[in-house]
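Single-structure report; data block below.
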Amino acid sequence: MLHALFKGPLLITPHLLVNPPFCSRTSVTEFAKPRRGQGGGSRLRDMPCASQCTTPAETNGGLRRFKLNESTFLASLMPKKEIAADRFVEAHPEFDGRGAVIAIFDSGVDPAASGLQVTSDGKPKILDVLDCTGSGDIDTSTVVKTDADGCICGASGSSLVVNSMWKNPSGEWHVGYKLVYDLFTETLTSRVKKDRQKKWDEKNQEAIAKAVKHLEEFDQKHMKVEDANLKRVREDLQNKVDYLRKQADSYDDKGPVIDAVVWHDGELWRVALDTQSLEDDPNCGKLADFVPLTNFRIERKFGIFSKLDACTFVANIYDEGNILSIVTDSSPHGTHVAGIAAAYHPKEPLLNGVAPGAQLISCKIGDSRLGSMETGTGLTRALIAAVEHKCDLINMSYGEPTLLPDYGRFVDLVNEVVNKHRLIFVSSAGNSGPALSTVGAPGGTTSSIIGVGAYVSPAMAAGAHCVVEPPSEGLEYTWSSRGPTVDGDLGVCISAPGGAVAPVPTWTLQKRMLMNGTSMSSPSACGGIALLISAMKAEGIPVSPYSVRRALENTSVPLGDLPEDKLSTGQGLMQVDKAHEYLQQARSFPSVWYQVKINRSGKTAPTSRGIYLREASACQQSTEWTVQVDPKFHEDASNLEQLVPFEECIELHSSNKAVVKAPEYLLLTHNGRSFNVVVDPTNLSDGAHYYEVYGIDCKAPWRGPLFRIPVTITKPIALKNEPPLITLQLMQFIPGKIERKYIEVPVGATWAEATMRASGFDTARRFFVDAVQICPLRRPIKWESVVTFSCPAAKSFAFGVEGGQTMELAIAQFWSSGIGSHETTTVDFEIGFHGININKSTLVLDGSEAPIRIEAVALLASEKLAPVAILNKIRIPYRPTGTKLSALPTKRDKLPSGKQILSLTLTYKFKLEDGAEIKPQIPLLNNRVYDTKFESQFYMISDANKRVYAMGDVYPKSTKLPKGDFTLQLSLRHDNVQYLEKMKQLVLFIQRNLDEKEVIRLSFFSEPDGPVMGNGSFKSSTLVPGAKEAFYVGPPAKDKLPKSSPEGSVLLGAISYGKPSVAVQDSGKKQQKNPVSYQISYVVPPDKQDEEKGKGSSPQCTKSVTERLNEEVRDAKIKVFASLKQGTVEELKEWKELSISLKNEYSKYTPLLVKILEALVSQNNVEDKIQHYEEVIDAADDVIGSIDRDELAKYISLRSDPEDEETEKIKKKMETTRDQLTEALYQKGLALAEIERLKGMATAGTDGEKDEGKTADQSAAVSDAHPDLFEENFKELKKWADIKSSKYGTLLVMRERRCGRFGTALKALIDVIQDNGEPPKKKLYELKLSLLEELGWSHLVSYERRWMHVRFPPSLPLF
């Protein structure tokens, strides 16, 4: 992604109420002045404007010498004057949005936020609140019933008391649970964590103080400790202190767990939550005290988790109680947007939203699991909901750059919603300005969506932004994205105020805050359109997105003095009152959208929506274009009454006939008409030029343009000097000034080096510097930098370029930068082009020993050729191990067309030999949200315990994973089963970064045999212009390949060839060595054959045929025995009978006895546990008794000769026997400990102090009187195994525990857990919990229980 600001909500500075003087590029709060005198010397040209248009000074707040008073200050916080909304509502109080319903596609709206409870006429403000992403979904398919005490077992394992007053005719309770932090935003989670950790720290300090006190008391009592028992007691006390202190350092709060209970009361599905884990008071948050909720749209009730978080939530129940959706917002953005559009404050009317009478539905498309990023699932469900609720408007303040404009699955669905269901879709244009062609999808690139740019008025600047000296007139924000789209469409439709102080969610602990961005301009325009819809419905005017859009465009107030300003502002600043007058006058005209398709004459592809001449070759001659205009009616239009009679006489106009020539008239019928346009840019000066061909109704010219054909020409400067260098001198900047220069990047250039010098100013100055190029089927190539000059100085940069393509260089001074200072800034900008061209842009080493020949040439000037190549990533391909295709069960996944969306779940398995940072990649689907025909994708990575480590969508992120086996599940959605069928064998790559020691630096050679012979290395050279030079890049040495690089995996890295000629910097980053690099990859070949395999000969067998036959029969019986199941009573009976039979037959055969022991240990759900453990002890004794331990000790202690194969073979056999012995001793010890626990007859005291006075002799006497079987077994195990190892450490833990040394037991258990390389074992953590409970550390018990839900969830979460 070129600009991260596009991914997710299009907002800026969400947490700041006032405008900071300086901030990062992605948190811009300043604005730009209108650009004057630009466009390469183009003269002012007349552009079409409706007769109702007035001057900006009358309508948009652009009053010179602007002064604020209290009322104008408050009004500036929620700007309405700029779009004449205040004037319109004052004249028509009943047209304040009443009757209009707006769907807010955003991060979620808080129904408890200020101003979002009721409309101006007393109706509910919010009709429904939906989580379209599924991030708040809880699996409630588990059904339980109450016990005799009226309790149920919650999904978290807690016992929950059910309110006896709740009606539940079926008696069935659906249960589920959720970690509450999964529902909170990162900001809220951070606040709650801070508060909870403070309280936890207090309890932990209290426990530490108590433990230290016990240790001090012991030391005072025992000044000199020599007795072994006392030493162990002191060690235990010290371990307690150490453990508590370490917990403070490793504290990681995963958040409280909330239990959810869903049931049907005979009429409605209901839900109640148990939130006790969020409360300090144990009497608060109980399930029985919860006021049950149902789907929000039915009763419009919401809850708050606790007073601490103050977070509002809504509940919706789907799939007959099997899915519960807990809806919270994923950022304040959505509530702020909703407030701009429609907030109603009866006591503070100046702070009302634009349409206080409008109603809303909240469609959360920002996924909380992804930090509020939108997903295809969320977008599709939101459209379904908007149609279902019969909304009039959609506002969407989200977007990102796009590969193809007006293309993709979401665009197709939007077109259906607009054209068939008549919804008006309004969206933000983007925040990637000031360069041209930076509009984002979908708002700025989709024909059926009204894309809105961001405008700031003097009142907004003075009031909301608190600037010292506001601008004299309104202007477009510097960062507001500009058109045209890459296919020539205008991009920005209209402009609206792009900042406001609006309501935010209650969890922010404030009523409202300032945000600015095109995210704010979109709801401002949407609110203004809601006023129009309110009026149209009241006056009986048919509502159509076609007629409304035309009214807006033809009555907007133009911003700026130049035609090119339309690329920034669209048709201008919308005016509600004038648009209303237009709609009243045009009510009898049919609702028609005039679709324009343009092709270069003689070519059928590509088809565009405008004419965009950007490259130098297109500006050197006249071109002819074929324009097809097709009137499009809504799908319910009548053939006989609307389509057949439609005929319009169109007068075609060109804004400049010397450059753009078109026919004078056109007779347009329902079937459309084509005509030709000739564009002659040959006499234009360098720079940007904008023209229009537009059609006027001859019979009703007051209607203004019915359609427009945008013509954008960016004529570049040709660089003829050698080396290619351009110097832009003495450019004068004032706050908000933008300079655009278009440069024909020379063929052969691959990077540019630039130096910017600023002088002639006093206070600090801040600039945006953008360089943009456009290439087919690529997102715009954009380099950007924010440059701050605190004093006159020079700064340098280097960045990659595409040779032969026009580059726009946009330099903009923020309007707030230098405000109050009346000195202009003088800027000199020098840019030179460099390039090393090679014959292979992408290099693939095929796994053989052969190097790749590379041919390099410098076409522009002499360059230092110094190749560098590294391989620093590995990408391993995987195919699915499982697939599942199913229809999604809920109505929220049923399209308006009636089609049910299908889901394809693909399962992939992969293993990591060591912990690593990995990133899953799906080349077909990644990095495209809008410009893709696939609906959505979502993945989650989990371990064998179902613990989820990562989730992601089209923009996968790197995730740190521990060593072990992992499962990745990928969910794909579409309504077309054929598309999904083709994806069933979809290849997925797991990419990981190589450790520094694994990174491979490739070598270069001047000879083809260099990699083998080791000579002829190539380091560097100087390229003479036009002269080619060749060299080789060798493959990596096979012994340098990473150890986990299977056949078919790919090593990835980068190769670069040149270096900047001067030291450069990029926004404070480290000096760039290589401004341009290319991908290089190496395909890992098959492993080499094992040379030792097959060598040597097996020793001659000395056993008779009968002996070998008997052994084969015995082993076959044992193999069958080992495969028997014990799941049912009959199976268990068969197993016991066969075990007795085999045991009688082979009573001393250790492998058989081991299999019997293993089978007993693996048995689950045993009724008589004491008897079961006694059987385990007997089986273990059988194994122990079958082994000659004296003989075993003899062989283990001997040193064998590795060359003696027979001796080595015997030693390995003995090592196996030793392992069998230690395992039997281990299992016996566990069984003995469990029997002691079950009988409650621990032989040692439960308090370490009880052992203090005992001597070794006294302990021995006790042992003699009552033999300690556990201790005897433990001592025997110590002879044969490292008792502190992860394999046997559990027994050490139990020994310390039974001796009452819980601190030492806990320390030993932690060592076992940390040493165990496998996925965490639940039994170990359950043991840890029991130890903490016995120690009485309740705060740690609660902490570990919460972690149990993270480490060992009962199932994977829903997609």
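By convention in this document, the chains of the structure tokens carry letters A, B, ... by their order, each chain's residues are numbered from 1, and ligands are numbered from 1 in the order they are shown.
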Please produce, as a Markdown table, a per-residue contact table for range 962-1057 of chain A versus range 859-872 of chain A (criterion: any atom at most 12 Å away, only C-alpha atoms considered), showing the nearest atom pair and its distance in Å to one decimal, sorted by chain then residue number.
```
| residue | atom | partner | partner_atom | distance |
| --- | --- | --- | --- | --- |
| A:Gln991 | CA | A:Asn872 | CA | 10.5 |
| A:Arg992 | CA | A:Asn872 | CA | 8.8 |
| A:Asn993 | CA | A:Asn872 | CA | 6.1 |
| A:Leu994 | CA | A:Asn872 | CA | 5.3 |
| A:Asp995 | CA | A:Asn872 | CA | 7.9 |
| A:Glu996 | CA | A:Asn872 | CA | 8.1 |
| A:Lys997 | CA | A:Asn872 | CA | 9.9 |
| A:Glu998 | CA | A:Asn872 | CA | 7.6 |
| A:Val999 | CA | A:Asn872 | CA | 4.9 |
| A:Ile1000 | CA | A:Leu871 | CA | 5.1 |
| A:Arg1001 | CA | A:Ile870 | CA | 4.4 |
| A:Leu1002 | CA | A:Ala869 | CA | 5.5 |
| A:Ser1003 | CA | A:Ala869 | CA | 7.7 |
| A:Phe1004 | CA | A:Pro867 | CA | 7.8 |
| A:Phe1005 | CA | A:Pro867 | CA | 10.7 |
| A:Ser1017 | CA | A:Pro867 | CA | 11.8 |
| A:Phe1018 | CA | A:Pro867 | CA | 8.8 |
| A:Lys1019 | CA | A:Ala866 | CA | 6.4 |
| A:Ser1020 | CA | A:Ala866 | CA | 4.4 |
| A:Ser1021 | CA | A:Leu865 | CA | 5.0 |
| A:Thr1022 | CA | A:Lys864 | CA | 4.6 |
| A:Leu1023 | CA | A:Glu863 | CA | 5.3 |
| A:Val1024 | CA | A:Ser862 | CA | 4.9 |
| A:Pro1025 | CA | A:Leu859 | CA | 5.1 |
| A:Gly1026 | CA | A:Leu859 | CA | 5.1 |
| A:Ala1027 | CA | A:Leu859 | CA | 8.2 |
| A:Lys1028 | CA | A:Leu859 | CA | 9.4 |
| A:Glu1029 | CA | A:Leu865 | CA | 9.4 |
| A:Ala1030 | CA | A:Leu865 | CA | 10.7 |
| A:Phe1031 | CA | A:Pro867 | CA | 9.8 |
| A:Tyr1032 | CA | A:Pro867 | CA | 10.3 |
| A:Val1033 | CA | A:Ala869 | CA | 8.5 |
| A:Gly1034 | CA | A:Ala869 | CA | 10.1 |
| A:Pro1035 | CA | A:Leu871 | CA | 10.4 |
| A:Pro1036 | CA | A:Leu871 | CA | 8.9 |
| A:Lys1040 | CA | A:Leu871 | CA | 11.0 |
| A:Leu1041 | CA | A:Leu871 | CA | 10.0 |
| A:Pro1042 | CA | A:Asn872 | CA | 10.2 |
| A:Val1050 | CA | A:Leu871 | CA | 9.8 |
| A:Leu1051 | CA | A:Leu871 | CA | 6.1 |
| A:Leu1052 | CA | A:Leu871 | CA | 5.2 |
| A:Gly1053 | CA | A:Leu871 | CA | 4.0 |
| A:Ala1054 | CA | A:Ala869 | CA | 5.7 |
| A:Ile1055 | CA | A:Ala869 | CA | 4.1 |
| A:Ser1056 | CA | A:Val868 | CA | 5.4 |
| A:Tyr1057 | CA | A:Pro867 | CA | 4.1 |
```
Just the residues within 8 Å of range 387-403 of chain A, please, counting only C-alpha atoms, with nothing from its chain fewer than 3 positions along; format it as a VMD selection string. chain A and resid 1 to 3 5 to 10 100 to 106 337 374 383 to 384 417 421 to 430 438 to 443 518 to 520 522 to 523 526 530 533 777 to 780 896 928 930 to 931
Would you mind exporting N, CA and C atoms of the selected residues as a short mmCIF file (atom, residue, chain, number, x, y, z; two decimals), in the first residue's frame?
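And here is the file that came out, selection_31.cif:
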```
data_model
loop_
_atom_site.label_atom_id
_atom_site.label_comp_id
_atom_site.auth_asym_id
_atom_site.auth_seq_id
_atom_site.Cartn_x
_atom_site.Cartn_y
_atom_site.Cartn_z
N MET A 1 0.84 -1.18 0.00
CA MET A 1 0.00 0.00 0.00
C MET A 1 0.88 1.24 0.00
N LEU A 2 0.57 2.16 -0.87
CA LEU A 2 1.43 3.33 -1.00
C LEU A 2 1.23 4.33 0.11
N HIS A 3 0.02 4.43 0.60
CA HIS A 3 -0.24 5.44 1.62
C HIS A 3 -1.13 4.82 2.69
N LEU A 5 -2.55 5.88 5.20
CA LEU A 5 -3.71 6.62 5.68
C LEU A 5 -4.99 6.16 5.01
N PHE A 6 -4.88 5.62 3.79
CA PHE A 6 -6.08 5.17 3.09
C PHE A 6 -6.68 3.93 3.72
N LYS A 7 -5.84 3.08 4.29
CA LYS A 7 -6.37 1.81 4.82
C LYS A 7 -7.09 2.07 6.12
N GLY A 8 -8.40 1.91 6.12
CA GLY A 8 -9.18 2.18 7.31
C GLY A 8 -9.86 3.52 7.19
N PRO A 9 -10.37 4.04 8.33
CA PRO A 9 -11.13 5.27 8.27
C PRO A 9 -10.30 6.42 7.76
N LEU A 10 -10.91 7.25 6.94
CA LEU A 10 -10.21 8.41 6.41
C LEU A 10 -10.38 9.56 7.37
N ALA A 100 -35.96 10.92 6.41
CA ALA A 100 -34.76 10.38 5.74
C ALA A 100 -34.05 9.42 6.68
N VAL A 101 -33.60 8.30 6.14
CA VAL A 101 -32.85 7.30 6.91
C VAL A 101 -31.47 7.15 6.28
N ILE A 102 -30.43 7.32 7.11
CA ILE A 102 -29.04 7.26 6.64
C ILE A 102 -28.38 6.02 7.22
N ALA A 103 -27.75 5.23 6.37
CA ALA A 103 -26.92 4.11 6.84
C ALA A 103 -25.49 4.60 6.97
N ILE A 104 -24.93 4.46 8.16
CA ILE A 104 -23.56 4.89 8.42
C ILE A 104 -22.65 3.68 8.32
N PHE A 105 -21.92 3.58 7.20
CA PHE A 105 -20.94 2.49 7.02
C PHE A 105 -19.63 2.96 7.64
N ASP A 106 -19.32 2.48 8.84
CA ASP A 106 -18.16 3.03 9.52
C ASP A 106 -17.69 2.09 10.61
N VAL A 337 -18.78 10.67 12.78
CA VAL A 337 -19.38 10.81 11.46
C VAL A 337 -20.90 10.92 11.56
N GLU A 374 -11.63 -2.09 7.28
CA GLU A 374 -12.83 -2.65 6.67
C GLU A 374 -12.53 -3.98 6.02
N LEU A 383 -24.33 -3.37 2.93
CA LEU A 383 -25.23 -3.08 1.81
C LEU A 383 -26.54 -3.85 1.95
N ILE A 384 -26.46 -5.11 2.38
CA ILE A 384 -27.67 -5.90 2.60
C ILE A 384 -28.56 -5.23 3.63
N VAL A 417 -27.42 -1.48 -5.73
CA VAL A 417 -28.13 -0.77 -4.66
C VAL A 417 -28.59 0.62 -5.13
N HIS A 421 -32.34 0.00 -6.18
CA HIS A 421 -33.05 0.34 -4.94
C HIS A 421 -33.03 1.83 -4.62
N ARG A 422 -32.39 2.64 -5.47
CA ARG A 422 -32.44 4.11 -5.42
C ARG A 422 -31.80 4.70 -4.16
N LEU A 423 -30.86 4.02 -3.57
CA LEU A 423 -30.13 4.62 -2.45
C LEU A 423 -29.10 5.61 -2.99
N ILE A 424 -28.88 6.66 -2.24
CA ILE A 424 -27.87 7.65 -2.60
C ILE A 424 -26.63 7.37 -1.76
N PHE A 425 -25.53 7.08 -2.43
CA PHE A 425 -24.30 6.66 -1.76
C PHE A 425 -23.31 7.82 -1.77
N VAL A 426 -22.89 8.24 -0.57
CA VAL A 426 -21.95 9.35 -0.42
C VAL A 426 -20.70 8.82 0.27
N SER A 427 -19.53 9.22 -0.22
CA SER A 427 -18.30 8.69 0.35
C SER A 427 -17.17 9.71 0.24
N SER A 428 -16.18 9.53 1.11
CA SER A 428 -15.03 10.43 1.14
C SER A 428 -14.10 10.17 -0.04
N ALA A 429 -13.47 11.25 -0.52
CA ALA A 429 -12.59 11.14 -1.69
C ALA A 429 -11.20 10.64 -1.32
N GLY A 430 -10.79 10.84 -0.06
CA GLY A 430 -9.47 10.39 0.36
C GLY A 430 -8.64 11.52 0.91
N THR A 438 -4.98 11.26 -6.89
CA THR A 438 -4.79 10.59 -5.60
C THR A 438 -6.12 10.19 -4.96
N VAL A 439 -7.24 10.36 -5.67
CA VAL A 439 -8.52 9.95 -5.10
C VAL A 439 -8.52 8.44 -4.86
N GLY A 440 -9.22 8.05 -3.79
CA GLY A 440 -9.24 6.64 -3.41
C GLY A 440 -10.56 5.98 -3.73
N ALA A 441 -10.54 4.65 -3.63
CA ALA A 441 -11.75 3.86 -3.82
C ALA A 441 -12.41 3.64 -2.46
N PRO A 442 -13.76 3.59 -2.43
CA PRO A 442 -14.64 3.69 -3.60
C PRO A 442 -15.10 5.12 -3.89
N GLY A 443 -14.94 6.02 -2.90
CA GLY A 443 -15.55 7.35 -3.02
C GLY A 443 -15.13 8.14 -4.23
N THR A 518 -11.47 14.01 4.87
CA THR A 518 -12.62 13.82 3.99
C THR A 518 -13.65 12.90 4.64
N SER A 519 -13.23 12.20 5.70
CA SER A 519 -14.19 11.44 6.51
C SER A 519 -15.26 12.34 7.09
N MET A 520 -14.91 13.59 7.34
CA MET A 520 -15.88 14.52 7.91
C MET A 520 -16.65 15.27 6.82
N SER A 522 -17.66 13.99 4.02
CA SER A 522 -18.67 13.10 3.47
C SER A 522 -19.97 13.15 4.28
N PRO A 523 -19.97 12.98 5.62
CA PRO A 523 -21.24 13.08 6.35
C PRO A 523 -21.83 14.48 6.34
N CYS A 526 -23.61 14.35 3.20
CA CYS A 526 -24.71 13.39 3.36
C CYS A 526 -25.85 14.00 4.16
N ALA A 530 -29.66 14.68 3.07
CA ALA A 530 -30.81 14.24 3.87
C ALA A 530 -31.84 15.36 4.00
N ILE A 533 -33.76 15.23 0.78
CA ILE A 533 -34.68 14.10 0.73
C ILE A 533 -35.90 14.37 1.60
N LEU A 777 -2.55 -0.58 -14.96
CA LEU A 777 -2.83 -1.70 -14.05
C LEU A 777 -1.93 -1.69 -12.82
N ARG A 778 -1.65 -0.50 -12.33
CA ARG A 778 -0.93 -0.34 -11.07
C ARG A 778 -1.57 0.79 -10.29
N ARG A 779 -1.50 0.69 -9.00
CA ARG A 779 -1.91 1.83 -8.20
C ARG A 779 -0.95 2.97 -8.49
N PRO A 780 -1.42 4.22 -8.39
CA PRO A 780 -0.50 5.33 -8.65
C PRO A 780 0.78 5.18 -7.83
N PRO A 896 -29.60 -8.72 -1.60
CA PRO A 896 -30.91 -8.18 -2.01
C PRO A 896 -31.51 -8.93 -3.20
N ARG A 928 -5.97 -6.20 -2.08
CA ARG A 928 -7.08 -5.61 -2.83
C ARG A 928 -8.38 -5.77 -2.04
N TYR A 930 -11.20 -3.32 -2.71
CA TYR A 930 -12.27 -2.86 -3.60
C TYR A 930 -12.07 -3.32 -5.04
N ASP A 931 -10.84 -3.34 -5.51
CA ASP A 931 -10.59 -3.67 -6.91
C ASP A 931 -10.36 -5.16 -7.08
#
```
Might you pull out every residue within 8 Å of Val954 in chain A, with only C-alpha atoms counted and same-chain residues fewer than 2 positions away left off, and present them as a tab-separated table (two decimals) with C-alpha atoms, in the first residue's frame?
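For reference, selection30.tsv as written:
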```
chain	number	residue	atom	x	y	z
A	925	LEU	CA	-6.14	-12.17	-3.26
A	926	ASN	CA	-3.85	-10.00	-1.15
A	927	ASN	CA	-3.70	-6.20	-1.16
A	928	ARG	CA	-7.08	-5.61	-2.83
A	929	VAL	CA	-10.26	-4.69	-0.95
A	937	GLN	CA	-11.15	-13.35	2.83
A	938	PHE	CA	-10.24	-13.81	6.46
A	952	GLY	CA	-5.93	-11.08	9.14
A	956	PRO	CA	-1.67	-9.88	6.20
```
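Nearest residue to Pro923 in chain A, choosing from A:Arg875, A:Lys1213, A:Lys1279, A:Lys946 and counting only C-alpha atoms: A:Arg875.
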Please report, as a list of chain:residue names, each residue of range 278-373 of chain A to which DSSP assigns helix (DSSP H, G or I) when run on this structure's backbone. A:Leu278, A:Leu287, A:Ala288, A:Asp289, A:Phe296, A:Arg297, A:Ile298, A:Glu299, A:His333, A:Gly334, A:Thr335, A:His336, A:Val337, A:Ala338, A:Gly339, A:Ile340, A:Ala341, A:Ala342, A:Pro349, A:Leu350, A:Leu351, A:Ser368, A:Arg369, A:Leu370
Can you write out the residues you just picked, keeping N, CA, C and O atoms, as a CSV table (one decimal), in the first residue's frame?
```
chain,number,residue,atom,x,y,z
A,278,LEU,N,-15.4,-8.0,35.5
A,278,LEU,CA,-15.1,-6.5,35.2
A,278,LEU,C,-15.2,-5.7,36.5
A,278,LEU,O,-14.8,-4.5,36.5
A,287,LEU,N,-25.0,-12.3,36.5
A,287,LEU,CA,-25.9,-12.7,35.4
A,287,LEU,C,-27.4,-12.4,35.7
A,287,LEU,O,-28.1,-11.8,34.9
A,288,ALA,N,-27.8,-12.8,36.9
A,288,ALA,CA,-29.2,-12.7,37.3
A,288,ALA,C,-29.7,-11.3,37.4
A,288,ALA,O,-30.9,-11.0,37.4
A,289,ASP,N,-28.7,-10.3,37.6
A,289,ASP,CA,-29.1,-8.9,37.8
A,289,ASP,C,-29.1,-8.2,36.4
A,289,ASP,O,-29.5,-7.0,36.4
A,296,PHE,N,-31.4,-5.1,18.8
A,296,PHE,CA,-31.6,-3.7,19.0
A,296,PHE,C,-32.7,-3.1,18.2
A,296,PHE,O,-33.5,-2.2,18.8
A,297,ARG,N,-33.0,-3.5,17.0
A,297,ARG,CA,-34.0,-2.9,16.2
A,297,ARG,C,-35.4,-3.1,16.8
A,297,ARG,O,-36.3,-2.4,16.4
A,298,ILE,N,-35.5,-4.1,17.7
A,298,ILE,CA,-36.9,-4.4,18.2
A,298,ILE,C,-37.2,-3.5,19.4
A,298,ILE,O,-38.2,-2.9,19.4
A,299,GLU,N,-36.3,-3.4,20.4
A,299,GLU,CA,-36.6,-2.6,21.6
A,299,GLU,C,-35.6,-1.4,21.7
A,299,GLU,O,-35.9,-0.5,22.6
A,333,HIS,N,-14.5,7.1,15.3
A,333,HIS,CA,-14.7,7.7,14.0
A,333,HIS,C,-16.2,7.6,13.6
A,333,HIS,O,-16.7,8.6,13.1
A,334,GLY,N,-16.8,6.4,13.7
A,334,GLY,CA,-18.2,6.2,13.3
A,334,GLY,C,-19.2,7.1,14.0
A,334,GLY,O,-20.1,7.7,13.4
A,335,THR,N,-19.0,7.2,15.3
A,335,THR,CA,-19.9,8.1,16.1
A,335,THR,C,-19.8,9.5,15.7
A,335,THR,O,-20.8,10.3,15.6
A,336,HIS,N,-18.5,9.9,15.5
A,336,HIS,CA,-18.3,11.3,15.1
A,336,HIS,C,-18.9,11.6,13.7
A,336,HIS,O,-19.6,12.6,13.5
A,337,VAL,N,-18.8,10.7,12.8
A,337,VAL,CA,-19.4,10.8,11.5
A,337,VAL,C,-20.9,10.9,11.6
A,337,VAL,O,-21.5,11.8,10.9
A,338,ALA,N,-21.5,10.0,12.4
A,338,ALA,CA,-22.9,10.0,12.5
A,338,ALA,C,-23.4,11.4,13.2
A,338,ALA,O,-24.5,11.9,12.8
A,339,GLY,N,-22.6,11.9,14.1
A,339,GLY,CA,-23.0,13.2,14.7
A,339,GLY,C,-23.0,14.3,13.7
A,339,GLY,O,-23.8,15.2,13.8
A,340,ILE,N,-22.0,14.3,12.8
A,340,ILE,CA,-22.0,15.4,11.8
A,340,ILE,C,-23.2,15.3,10.9
A,340,ILE,O,-23.8,16.3,10.6
A,341,ALA,N,-23.6,14.1,10.6
A,341,ALA,CA,-24.7,14.0,9.7
A,341,ALA,C,-26.0,14.3,10.3
A,341,ALA,O,-26.9,15.0,9.7
A,342,ALA,N,-26.2,13.9,11.6
A,342,ALA,CA,-27.6,14.0,12.1
A,342,ALA,C,-27.8,14.2,13.6
A,342,ALA,O,-28.9,14.0,14.1
A,349,PRO,N,-28.6,23.9,20.0
A,349,PRO,CA,-29.0,23.8,18.5
A,349,PRO,C,-27.8,24.1,17.6
A,349,PRO,O,-27.7,23.6,16.5
A,350,LEU,N,-26.9,25.0,18.0
A,350,LEU,CA,-25.8,25.4,17.1
A,350,LEU,C,-24.9,24.2,16.9
A,350,LEU,O,-24.1,24.1,15.9
A,351,LEU,N,-24.9,23.2,17.8
A,351,LEU,CA,-24.1,22.0,17.7
A,351,LEU,C,-24.8,20.8,17.1
A,351,LEU,O,-24.3,19.7,17.0
A,368,SER,N,-13.0,-5.0,14.5
A,368,SER,CA,-12.2,-4.8,15.7
A,368,SER,C,-11.0,-5.7,15.8
A,368,SER,O,-9.9,-5.3,16.4
A,369,ARG,N,-11.0,-6.8,15.1
A,369,ARG,CA,-9.9,-7.7,15.1
A,369,ARG,C,-8.7,-7.2,14.3
A,369,ARG,O,-7.6,-7.7,14.4
A,370,LEU,N,-9.0,-6.2,13.4
A,370,LEU,CA,-8.0,-5.7,12.5
A,370,LEU,C,-7.7,-4.2,12.8
A,370,LEU,O,-7.2,-3.5,11.9
```
Write out as a ChimeraX atom specification all residues of range 787-1027 of chain A that DSSP puts in strand (DSSP E) for this structure's backbone. /A:787-789,793-800,806-813,825-834,837-838,843-845,852-857,863-865,868-878,882-887,902-912,916-921,936-943,948-952,959-961,964-974,988-993,1000-1001,1004-1005,1021-1023
Neighbours of range 656-673 of chain A within 8 Å (only C-alpha atoms; same-chain residues fewer than 5 positions away dropped), as a tab-separated table (two decimals) with C-alpha atoms, in the first residue's frame?
```tsv
chain	number	residue	atom	x	y	z
A	45	ARG	CA	-11.59	29.71	-18.98
A	46	ASP	CA	-15.35	29.75	-18.61
A	628	GLN	CA	-20.87	7.07	-26.14
A	629	VAL	CA	-23.64	8.61	-24.03
A	630	ASP	CA	-26.27	6.17	-22.73
A	631	PRO	CA	-29.24	7.39	-20.68
A	632	LYS	CA	-29.75	4.98	-17.77
A	643	LEU	CA	-38.07	4.67	-22.04
A	644	VAL	CA	-39.94	4.97	-25.35
A	646	PHE	CA	-37.44	9.72	-23.86
A	647	GLU	CA	-35.84	12.08	-26.37
A	648	GLU	CA	-33.69	15.10	-25.66
A	649	CYS	CA	-32.11	17.68	-27.91
A	650	ILE	CA	-28.67	18.28	-26.45
A	651	GLU	CA	-26.49	21.27	-27.19
A	678	VAL	CA	-10.94	16.06	-30.98
A	679	VAL	CA	-8.37	17.20	-28.44
A	680	ASP	CA	-5.43	19.34	-29.60
A	681	PRO	CA	-2.90	19.95	-26.78
A	691	TYR	CA	-11.52	21.36	-19.87
A	692	GLU	CA	-15.02	19.99	-20.22
A	693	VAL	CA	-17.40	19.01	-22.94
```
Could you name the residues that touch Arg587 in chain A at 6 Å or less, counting only C-alpha atoms, but leaving out those on the same chain fewer than 3 positions away, as an MDAnalysis selection string? chainID A and resid 541 583:584
